[in-house]
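Down below is the structure, laid out as structure tokens.
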Amino acid sequence: MYFAALLARTEDGWEASDTELDDVETLSDLADLAREATSGGYDDETVLVFIEQEDAWFGIVRVEGEDDPRIYVSDAAAASRSSYGEILVTDELLGREPGSSDESARLEELVDLDGTEDGEPDKNPDDDTDDSEDGDSSVPAGPLGDTAILDDLGLSEKELLSLRTDALGEIAEALGASDILEAVR
């Protein structure tokens with residue numbers, strides 16, 4: 001189960017809203033959604049996007065004005081196997097050139113280059129291992145991204161890295177926004 005919310009810091013404090021990510025396909029879409037949540041549109045207010053897959057991973061995207069979004073993901077490997085997590089675990093976050101991540105391997109999956117008919121299994125039917133759970137081996141297990149993303153808002157890198165269960169609740173508490181976040185949960 002996923003949970004997604006926006007926290008926008010305004011002159012009057014934090015404002016929270018839950019959000020649907022059904023129409024979000026890229027990090028740019030997510031950043032645009034965050035910018036729309038600010039009272040003035042594209043001004044310099046801080047907006048935090050929280051995305052959480054229960055007991056698996058959480059992610060934070062920080063958007064301020066037109067600056068590039070800052071991203072933190074608690075477990076990149078788990079997130080990369082998730083449709084919403086794929087939005088956050090970008091080539092840039094992984095330190096790769098955009099589009100370079102084993103593009104030829106992905107093309108080979110789409111196009112049958114070994115001469116077998118479509119639909120034929122390409123592994124031993126007695127082999128019951130499921131490669132789909134392995135994820136992309138180039139995506140590290142564990143935290144990835146900007147660990148200082150919340151330093152100036154009251155949550156240190158060390159505290160962020162130590163969060164496990166109810167991480168978003170603990171983050172909201174550190175920001176002084178726990179009641180507001182719980183209201184949209």
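Order determines the names: the first chain of the structure tokens is A, the second B, and so forth; residues in each chain are numbered 1 upward, and ligands are numbered 1 upward as they are shown.
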Region 9-25 of chain A: which residues within 7 Å, counting only C-alpha atoms, same-chain residues fewer than 4 positions away excluded, as a short mmCIF file (atom, residue, chain, number, x, y, z; two decimals) with C-alpha atoms, in the first residue's frame?
data_model
loop_
_atom_site.label_atom_id
_atom_site.label_comp_id
_atom_site.auth_asym_id
_atom_site.auth_seq_id
_atom_site.Cartn_x
_atom_site.Cartn_y
_atom_site.Cartn_z
CA ALA A 4 1.73 10.08 -0.86
CA ALA A 5 1.39 13.57 0.56
CA ASP A 29 5.80 15.68 -13.37
CA LEU A 30 6.22 15.19 -9.63
CA GLU A 45 8.25 28.07 -0.92
CA THR A 46 9.57 24.71 0.18
CA VAL A 47 7.43 21.74 -0.77
CA ILE A 87 10.06 7.97 -10.53
CA ALA A 177 3.84 19.20 11.08
CA ILE A 180 -1.17 18.29 9.67
CA LEU A 181 0.26 15.14 8.05
CA VAL A 184 -4.40 13.79 5.44
#
So which residues touch Gly85 (chain A) within 9 Å, counting only C-alpha atoms, skipping near sequence neighbours fewer than 3 positions away, as a list in words?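 Non-adjacent residues within range: Ile51, Glu52, Gln53, Trp57, Phe58, Gly59, Val73, Ala76, Ala78, Ala79, Ser80, Arg81, Ser82, Leu88 and Val89 of chain A.
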(Q) Would you pick out the contacts of Glu64 (chain A) at 12 Å or less, using only C-alpha atoms, so that residues sharing its chain but fewer than 4 positions from it are not included, and give the list as a ChimeraX atom specification? (A) /A:7-10,31-32,34-38,41-49,68-70,149
**Request:** Could you find all residues in region 1-51 of chain A that DSSP calls strand (DSSP E) from the backbone, and write them as an MDAnalysis selection string?
**Result:** chainID A and resid 2:10 13:18 46:51
Of A:Ser28, A:Ser83, A:Ser74, A:Ser162, the one nearest to Met1 (chain A) when counting only C-alpha atoms is A:Ser83
Check your understanding: To one decimal place, how far is CA of Gly142 (chain A) from CA of Ala183 (chain A) in Å?
Key ->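 Going from CA of Gly142 (chain A) over to CA of Ala183 (chain A), I get 29.5 Å.
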